[in-house]
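Below is one structure, written out as structure tokens, with a few remarks after it.
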Amino acid sequence: MTEKSVIADEFSSSVSCGLMLSKRIYYGKGASPTPALMSRSLSSTESCYLPTAVMAYAVVSEPSVVDNPDVPSYQPYVHGRCEPPALIPLHMHEVSMEVDCWMDTAFVTASGAWRVHCIMAGRRCDCRVAVPMGEQGSILGVEVDISETEKSSYNSKWVTLADSKDMEKVAKSGDGFFLTPHIYTFRIPQVEGGSYVSIKVRWSQKLPYKDSQFCLTVPFSFPTYVIPVGKKIPKREKIQLNVNSGSGTELMIQCSSHPLKELSREVRKLSFVYEAEVPAWSTSDLDFAYTVTSSDLFGGVLLQSPALRDFDEREMFCLYLFPGNKQIRRVFRREVVFVVDISQSMQGLPIENVKNALLASLSKLNPQDSFNIIAFNSESHLFSPKMVLATHGSILKATQWLSSNILTTDGGTNIMQPLKQAMKLLSDTSESIPLVFLITDGSVEDEREICNVVKGCLTSGGSVSPRIFTFGIGLYCNHYFLQMLAQIGRGHYDCTYNADNIELRMERLFTTASSVVLADITMNIPENLDSLELFPSRIPDLSLGSPLIMSGRYKGDFPDTIKVKGRLADMSTFIMDLKVQNAKDMSFDRILTRRQIDILTCHAWLSESKELEDKVAKISLQTSFPSEYTSLILLQTESEKKVPEPMLLQEIFNKISLPKKGDSKTQKLVSLGCLGVGFGNLTATAKNIPPGANEPKSPEGTEILVNAATNCCSLVLDRCCCMCCIQTLSYMNNQCYIVLSQLCTALACCECINCCYELCECF
């Protein structure tokens, strides 16, 4: 079972039940919902009911409140409750999206308006918003405006974890969570039926780099059941796309999913727009790919002053290197040791996908390259006592060895021993890039000691230090330990929370690791700089699979050019002068913050430094990027009033009235919780709990919705799909209807309306 699959399945089932409930709604004479609601034959995208774009849902615990707020249908009262609550997708009336692509990061602002079309006038329900994001998505902020009898709005704020705990006294916690690793969802409390809910969500996501192209994918595919009912309701969608590579070279468009109209073009900047009146909402994601053109490797340095309220007054810089498009540079010969976790928690789909990815990586090695494999649980198992050439015969033997060694019932996880063995195997390397490729799904107690041991091995090693690449699977491994290990080893880190994506992500990471064109990169520190801090402190290698982008802070005067030096595959020295420029058309505090927070969090974890933790929290509060030491809240504000920025916790409390005991008014604060991934789970690792196997589930199970609405009336309408059923049910006297609903709820097995007739003779 994959990570978060239980919660995702529960969500999908709740939406399915919500769609059945929505068949109770009467839209007026001549109006009918879209065909998808009247038929059980949905597309594969719709059948799982997970959102494929920003969507809003009515959270329905009492089926009796489901009705048209404008045209009441006067249906019979429905007894029972939905446990867990059903989710009815709200009709969407407008949608727009603005995307800014800066260097290797995309910043997305998605806006839309939804109507609570399914709750009768005068009644209220919670609304749940789901936000699918692209790769490495991070929620930055939320704004909600509700047009109802009394207008209200919510604005998101980041607070420290200590402040967040205090706020739990006035706000329910746990209202925000990740439905899947790429879908975040949060609750808006008590919205009146018939209201319009305008939502604006901001997030960042990484731009994957593949085949010399930056590839943007933003979820923008809407199911048919969010189309408003009515022929004269206008539907307009808009996409604004801005691209700024930061480099001084031309950009070339490779593909686009939507008919984007070019607004402007400069050397490193492009701007597009798509806007149209549509009969139905977009059914495809926004896909866009572009190339930063150059035949050979190139780079530059960009400078920018800190923001006005930045607590760090040092100047900022960004150094970038691109490998070039034509791949005229030779890659280094490779010596790679795969260190693979085969503990009991990895058994099944995870280990099979790891095996497939490992064999695919071996097939990409050249005969002059060499490799070895160390499988570990509580003990280490070596494929060979020494490195072997990557010939067809040795790869075939490795395939057979893997098949016989990955099946194990041993539950231990010992990472230290296999890492030491891998470093020893690569200790005599001189004219190649030695690679250690660590794959694990668990945490261990001696992770800090492992980092210190690896530091020592790299310092006292041979002429070429091994590069360490780490890959984490699921939420139980300590991702900051894996990132720290990769930083120490001048490598890269990646992860997946979904076992289905293991092969794709592992192969992409191996492509980056095995296509190095410039190694041992250093930057000459100008003499007139008073201080310089690099993120990360050790510069990784430049490979064909990924551009190199680093950031830093400094005091003093930067020169007009900076020299960078490195080693090419033929062991010759490469020197390049990078031009230094001021960056006026992009915001460094947005582009570079994510990597800075991750790097500082790794060091805070390793050193157990409270000072560094506080620094990360300050950066998070200042830039609205999530961290392990901050939490997100929704703060209700008065209509047409903005929350001042920044706002201290005491100021927030001064502006809100705490709900008294027994007070039924809407809460002023909604706690969305910490959006970090945490620092691993030693208990789950020790118990060999597979990723996703210990996820929370509703008490009754989603499939057991014991409600008269879903088991009787909705089931009847699901079979007949016509208004005569509603009219027939409306003629039942109340006592007979109660008997019928209770029987159907208890049995939950009515297959057609005829069996319901047999239970009561009052029709």
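Convention: chains lettered A, B, ... in structure tokens order; per-chain residue numbering from 1; ligands numbered from 1 as shown.
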*Contacts of Leu675 in chain A at 8 Å (only C-alpha atoms; same-chain gap of 6+ positions) as a PyMOL selection string*: chain A and resi 177+626-628+631-632
_For the structure I just gave you, how does DSSP split range 113-361 of chain A - specifically, which residues are strand (DSSP E or B)? Reply as number ranges by chain._
A: 113-115, 119, 124-132, 138-147, 152-160, 176-180, 183-192, 196-206, 209-210, 213-218, 221, 236-244, 251-256, 261-265, 269-277, 283, 286-292, 298-304, 315-322, 334-341
_With only C-alpha atoms as the counted atoms, please give the residues lying no more than 12 Å from Ser305 in chain A, apart from itself and same-chain residues fewer than 3 positions off, as a PyMOL selection string._
chain A and resi 302+308-310+312-318+552-557+582-584+586-589
Could you take the residues named above and write them with N, CA and C atoms, as a PDB file, in the first residue's frame?
```
ATOM      1  N   LEU A 302      24.233  36.577 -10.073  1.00  0.00           N
ATOM      2  CA  LEU A 302      23.232  37.631  -9.928  1.00  0.00           C
ATOM      3  C   LEU A 302      23.266  38.150  -8.495  1.00  0.00           C
ATOM      4  N   LEU A 308      13.195  45.002   2.447  1.00  0.00           N
ATOM      5  CA  LEU A 308      13.179  46.066   3.449  1.00  0.00           C
ATOM      6  C   LEU A 308      13.081  45.517   4.863  1.00  0.00           C
ATOM      7  N   ARG A 309      12.254  44.450   5.070  1.00  0.00           N
ATOM      8  CA  ARG A 309      12.044  43.910   6.404  1.00  0.00           C
ATOM      9  C   ARG A 309      12.868  42.660   6.670  1.00  0.00           C
ATOM     10  N   ASP A 310      13.870  42.407   5.867  1.00  0.00           N
ATOM     11  CA  ASP A 310      14.704  41.217   6.037  1.00  0.00           C
ATOM     12  C   ASP A 310      15.530  41.353   7.316  1.00  0.00           C
ATOM     13  N   ASP A 312      18.034  39.559   8.032  1.00  0.00           N
ATOM     14  CA  ASP A 312      19.425  39.370   7.619  1.00  0.00           C
ATOM     15  C   ASP A 312      19.779  40.486   6.647  1.00  0.00           C
ATOM     16  N   GLU A 313      20.599  41.418   7.083  1.00  0.00           N
ATOM     17  CA  GLU A 313      20.892  42.609   6.290  1.00  0.00           C
ATOM     18  C   GLU A 313      21.995  42.402   5.271  1.00  0.00           C
ATOM     19  N   ARG A 314      22.564  41.206   5.198  1.00  0.00           N
ATOM     20  CA  ARG A 314      23.617  40.948   4.211  1.00  0.00           C
ATOM     21  C   ARG A 314      23.034  40.898   2.800  1.00  0.00           C
ATOM     22  N   GLU A 315      23.885  41.216   1.827  1.00  0.00           N
ATOM     23  CA  GLU A 315      23.475  41.169   0.425  1.00  0.00           C
ATOM     24  C   GLU A 315      23.307  39.706  -0.012  1.00  0.00           C
ATOM     25  N   MET A 316      22.514  39.509  -1.075  1.00  0.00           N
ATOM     26  CA  MET A 316      22.249  38.163  -1.583  1.00  0.00           C
ATOM     27  C   MET A 316      22.885  37.989  -2.969  1.00  0.00           C
ATOM     28  N   PHE A 317      23.285  36.745  -3.253  1.00  0.00           N
ATOM     29  CA  PHE A 317      23.780  36.434  -4.595  1.00  0.00           C
ATOM     30  C   PHE A 317      23.318  35.040  -5.006  1.00  0.00           C
ATOM     31  N   CYS A 318      23.286  34.836  -6.299  1.00  0.00           N
ATOM     32  CA  CYS A 318      22.921  33.534  -6.864  1.00  0.00           C
ATOM     33  C   CYS A 318      23.921  33.201  -7.963  1.00  0.00           C
ATOM     34  N   GLY A 552      23.689  32.494  -1.732  1.00  0.00           N
ATOM     35  CA  GLY A 552      24.521  32.855  -0.603  1.00  0.00           C
ATOM     36  C   GLY A 552      24.266  34.267  -0.131  1.00  0.00           C
ATOM     37  N   ARG A 553      24.912  34.619   0.958  1.00  0.00           N
ATOM     38  CA  ARG A 553      24.858  35.957   1.542  1.00  0.00           C
ATOM     39  C   ARG A 553      26.287  36.464   1.694  1.00  0.00           C
ATOM     40  N   TYR A 554      26.448  37.784   1.597  1.00  0.00           N
ATOM     41  CA  TYR A 554      27.798  38.342   1.694  1.00  0.00           C
ATOM     42  C   TYR A 554      27.751  39.771   2.220  1.00  0.00           C
ATOM     43  N   LYS A 555      28.917  40.215   2.705  1.00  0.00           N
ATOM     44  CA  LYS A 555      29.144  41.609   3.054  1.00  0.00           C
ATOM     45  C   LYS A 555      30.368  42.095   2.303  1.00  0.00           C
ATOM     46  N   GLY A 556      30.285  43.300   1.795  1.00  0.00           N
ATOM     47  CA  GLY A 556      31.403  43.836   1.040  1.00  0.00           C
ATOM     48  C   GLY A 556      31.007  44.153  -0.388  1.00  0.00           C
ATOM     49  N   ASP A 557      32.007  44.245  -1.270  1.00  0.00           N
ATOM     50  CA  ASP A 557      31.784  44.600  -2.672  1.00  0.00           C
ATOM     51  C   ASP A 557      32.139  43.427  -3.570  1.00  0.00           C
ATOM     52  N   ASN A 582      23.392  42.765 -11.531  1.00  0.00           N
ATOM     53  CA  ASN A 582      22.320  43.014 -10.578  1.00  0.00           C
ATOM     54  C   ASN A 582      21.010  42.479 -11.140  1.00  0.00           C
ATOM     55  N   ALA A 583      20.271  41.749 -10.338  1.00  0.00           N
ATOM     56  CA  ALA A 583      18.986  41.187 -10.760  1.00  0.00           C
ATOM     57  C   ALA A 583      17.867  42.090 -10.256  1.00  0.00           C
ATOM     58  N   LYS A 584      17.229  42.796 -11.169  1.00  0.00           N
ATOM     59  CA  LYS A 584      16.179  43.739 -10.790  1.00  0.00           C
ATOM     60  C   LYS A 584      14.781  43.219 -11.095  1.00  0.00           C
ATOM     61  N   MET A 586      13.547  39.981 -10.691  1.00  0.00           N
ATOM     62  CA  MET A 586      13.138  38.750 -10.011  1.00  0.00           C
ATOM     63  C   MET A 586      13.412  38.886  -8.525  1.00  0.00           C
ATOM     64  N   SER A 587      12.699  38.104  -7.749  1.00  0.00           N
ATOM     65  CA  SER A 587      12.779  38.206  -6.293  1.00  0.00           C
ATOM     66  C   SER A 587      13.557  37.034  -5.724  1.00  0.00           C
ATOM     67  N   PHE A 588      14.768  37.303  -5.233  1.00  0.00           N
ATOM     68  CA  PHE A 588      15.603  36.238  -4.676  1.00  0.00           C
ATOM     69  C   PHE A 588      14.967  35.595  -3.456  1.00  0.00           C
ATOM     70  N   ASP A 589      14.266  36.405  -2.633  1.00  0.00           N
ATOM     71  CA  ASP A 589      13.710  35.829  -1.419  1.00  0.00           C
ATOM     72  C   ASP A 589      12.624  34.809  -1.725  1.00  0.00           C
TER      73      ASP A 589
END
```
_12 Å contact set for Lys610 in chain A, only C-alpha atoms, chain neighbours under 5 positions out, as a list in words_ = Leu600, Thr601, His603, Ala604, Trp605, Lys615, Val616, Ala617 and Tyr629 of chain A
Selection from above, C-alpha atoms, as an mmCIF file, in the first residue's frame, can you write it?
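result.cif, written as the output of this step:
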```cif
data_model
loop_
_atom_site.group_PDB
_atom_site.id
_atom_site.type_symbol
_atom_site.label_atom_id
_atom_site.label_comp_id
_atom_site.auth_asym_id
_atom_site.auth_seq_id
_atom_site.Cartn_x
_atom_site.Cartn_y
_atom_site.Cartn_z
ATOM 1 C CA LEU A 600 19.648 25.271 7.369
ATOM 2 C CA THR A 601 17.127 22.736 8.713
ATOM 3 C CA HIS A 603 22.323 21.742 9.880
ATOM 4 C CA ALA A 604 19.930 22.550 12.729
ATOM 5 C CA TRP A 605 19.060 18.853 12.958
ATOM 6 C CA LYS A 615 16.704 31.305 12.269
ATOM 7 C CA VAL A 616 14.748 28.911 10.028
ATOM 8 C CA ALA A 617 11.510 29.954 11.754
ATOM 9 C CA TYR A 629 9.381 25.012 12.979
#
```
Who sits within 8 Å of Asp126 in chain A, only C-alpha atoms, same chain under 6 positions skipped, as a PDB file with N, CA and C atoms, in the first residue's frame:
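File written: selection.pdb
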```pdb
ATOM      1  N   ALA A  58     -18.534  20.729  -0.445  1.00  0.00           N
ATOM      2  CA  ALA A  58     -19.376  20.880   0.735  1.00  0.00           C
ATOM      3  C   ALA A  58     -19.232  19.632   1.595  1.00  0.00           C
ATOM      4  N   VAL A  59     -18.975  19.825   2.888  1.00  0.00           N
ATOM      5  CA  VAL A  59     -18.822  18.714   3.821  1.00  0.00           C
ATOM      6  C   VAL A  59     -20.189  18.456   4.463  1.00  0.00           C
ATOM      7  N   VAL A  60     -20.784  17.329   4.124  1.00  0.00           N
ATOM      8  CA  VAL A  60     -22.169  17.059   4.515  1.00  0.00           C
ATOM      9  C   VAL A  60     -22.223  15.894   5.501  1.00  0.00           C
ATOM     10  N   ARG A 187      -9.865  23.160   5.570  1.00  0.00           N
ATOM     11  CA  ARG A 187     -11.281  23.358   5.837  1.00  0.00           C
ATOM     12  C   ARG A 187     -11.608  24.837   5.999  1.00  0.00           C
ATOM     13  N   ILE A 188     -12.741  25.254   5.450  1.00  0.00           N
ATOM     14  CA  ILE A 188     -13.324  26.573   5.710  1.00  0.00           C
ATOM     15  C   ILE A 188     -14.586  26.335   6.541  1.00  0.00           C
ATOM     16  N   PRO A 189     -14.658  26.872   7.748  1.00  0.00           N
ATOM     17  CA  PRO A 189     -15.781  26.520   8.624  1.00  0.00           C
ATOM     18  C   PRO A 189     -17.086  27.237   8.279  1.00  0.00           C
ATOM     19  N   GLN A 190     -18.175  26.500   8.338  1.00  0.00           N
ATOM     20  CA  GLN A 190     -19.552  26.982   8.375  1.00  0.00           C
ATOM     21  C   GLN A 190     -19.862  28.086   7.355  1.00  0.00           C
ATOM     22  N   VAL A 191     -20.078  27.643   6.113  1.00  0.00           N
ATOM     23  CA  VAL A 191     -20.445  28.541   5.020  1.00  0.00           C
ATOM     24  C   VAL A 191     -21.932  28.354   4.729  1.00  0.00           C
TER      25      VAL A 191
END
```
_Just want the 7 Å neighbourhood of Lys386 in chain A, counted on only C-alpha atoms, with same-chain residues fewer than 2 positions away dropped. Output as a ChimeraX atom specification._
/A:384,388,425
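Distance check against Ala519 in chain A using only C-alpha atoms: of A:Glu431, A:Asp560, A:Asp446, A:Glu266, the minimum falls on A:Glu431.
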*Determine which residues of range 544-659 of chain A receive a DSSP assignment of helix (DSSP H, G or I), computed from the backbone, and state them as a ChimeraX atom specification.*
/A:588-591,593-607,610-623,649-655
Put those residues in a file: C-alpha atoms, as a compact mmCIF listing (two decimals), in the first residue's frame.
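What ended up in again-v3.txt:
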```txt
# COMPACT_ATOMS: atom_id res chain seq x y z
CA PHE A 588 15.60 36.24 -4.68
CA ASP A 589 13.71 35.83 -1.42
CA ARG A 590 11.18 33.74 -3.37
CA ILE A 591 13.56 31.83 -5.64
CA THR A 593 14.29 30.51 0.13
CA ARG A 594 13.17 26.90 -0.29
CA ARG A 595 16.71 25.54 -0.65
CA GLN A 596 18.03 27.84 2.08
CA ILE A 597 15.39 26.61 4.56
CA ASP A 598 16.12 22.96 3.68
CA ILE A 599 19.88 23.39 4.07
CA LEU A 600 19.65 25.27 7.37
CA THR A 601 17.13 22.74 8.71
CA CYS A 602 19.60 19.94 7.93
CA HIS A 603 22.32 21.74 9.88
CA ALA A 604 19.93 22.55 12.73
CA TRP A 605 19.06 18.85 12.96
CA LEU A 606 22.69 17.72 12.77
CA SER A 607 24.01 20.18 15.34
CA LYS A 610 18.15 25.95 18.81
CA GLU A 611 19.70 29.08 17.32
CA LEU A 612 19.52 27.62 13.80
CA GLU A 613 15.96 26.41 14.40
CA ASP A 614 14.96 29.95 15.37
CA LYS A 615 16.70 31.31 12.27
CA VAL A 616 14.75 28.91 10.03
CA ALA A 617 11.51 29.95 11.75
CA LYS A 618 12.32 33.63 11.15
CA ILE A 619 12.96 32.99 7.45
CA SER A 620 9.69 31.06 7.20
CA LEU A 621 7.67 33.83 8.89
CA GLN A 622 9.33 36.47 6.72
CA THR A 623 8.95 34.73 3.34
CA LEU A 649 0.64 36.49 18.06
CA GLN A 650 -0.48 38.91 20.79
CA GLU A 651 -1.82 41.27 18.14
CA ILE A 652 -3.83 38.39 16.64
CA PHE A 653 -5.36 37.61 20.02
CA ASN A 654 -6.18 41.27 20.56
CA LYS A 655 -8.11 41.35 17.29
```
_Measuring between only C-alpha atoms, which one of A:Ser432, A:Gln483, A:Asn478, A:Asn405 shows the shortest distance to Val516 in chain A?_
A:Ser432
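Taking CA of Val340 in chain A as the reference point, CA of Gly676 in chain A is found at 25.8 Å.
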*May I ask which of the residues A:Gly137, A:Val454, A:Met346, A:Arg236 is the closest one to Ala499 in chain A, counting only C-alpha atoms?*
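Going through A:Gly137, A:Val454, A:Met346, A:Arg236 one by one, the smallest distance to Ala499 in chain A is for A:Met346.
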*For Glu135 in chain A, list every protein, DNA or RNA residue within 9 Å, evaluated using only C-alpha atoms, and leave out those in the same chain fewer than 6 positions away; present the list as a PyMOL selection string.*
chain A and resi 182+205-208+217
Residue subset to file, keeping N, CA and C atoms, as a compact mmCIF listing (two decimals), in the first residue's frame:
```
# COMPACT_ATOMS: atom_id res chain seq x y z
N HIS A 182 1.12 15.23 -3.04
CA HIS A 182 1.00 16.39 -3.93
C HIS A 182 -0.35 17.09 -3.84
N GLN A 205 6.57 25.29 -6.80
CA GLN A 205 6.92 23.93 -7.18
C GLN A 205 8.17 23.95 -8.03
N LYS A 206 8.88 22.82 -8.01
CA LYS A 206 10.14 22.72 -8.75
C LYS A 206 9.88 22.51 -10.23
N LEU A 207 10.76 23.08 -11.05
CA LEU A 207 10.72 22.84 -12.49
C LEU A 207 11.69 21.71 -12.82
N PRO A 208 11.22 20.51 -13.10
CA PRO A 208 12.14 19.42 -13.46
C PRO A 208 12.92 19.76 -14.73
N THR A 217 4.52 21.53 -15.22
CA THR A 217 3.22 20.87 -15.20
C THR A 217 2.44 21.36 -13.99
```
_Proximity to Ala398 in chain A - best of A:Asn356, A:Thr224, A:Gln581, A:Asn414, only C-alpha atoms_ =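 Smallest distance to Ala398 in chain A is found for A:Asn356.
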*Would you mind telling me which residue in A:Asp100, A:Asp500, A:Asp441, A:Glu250 lies nearest to Leu482 in chain A when using only C-alpha atoms?*
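Once distances to Leu482 in chain A are computed over only C-alpha atoms, the minimum belongs to A:Asp441.
Separating CA of His258 in chain A from CA of Thr291 in chain A is a distance of 18.0 Å.
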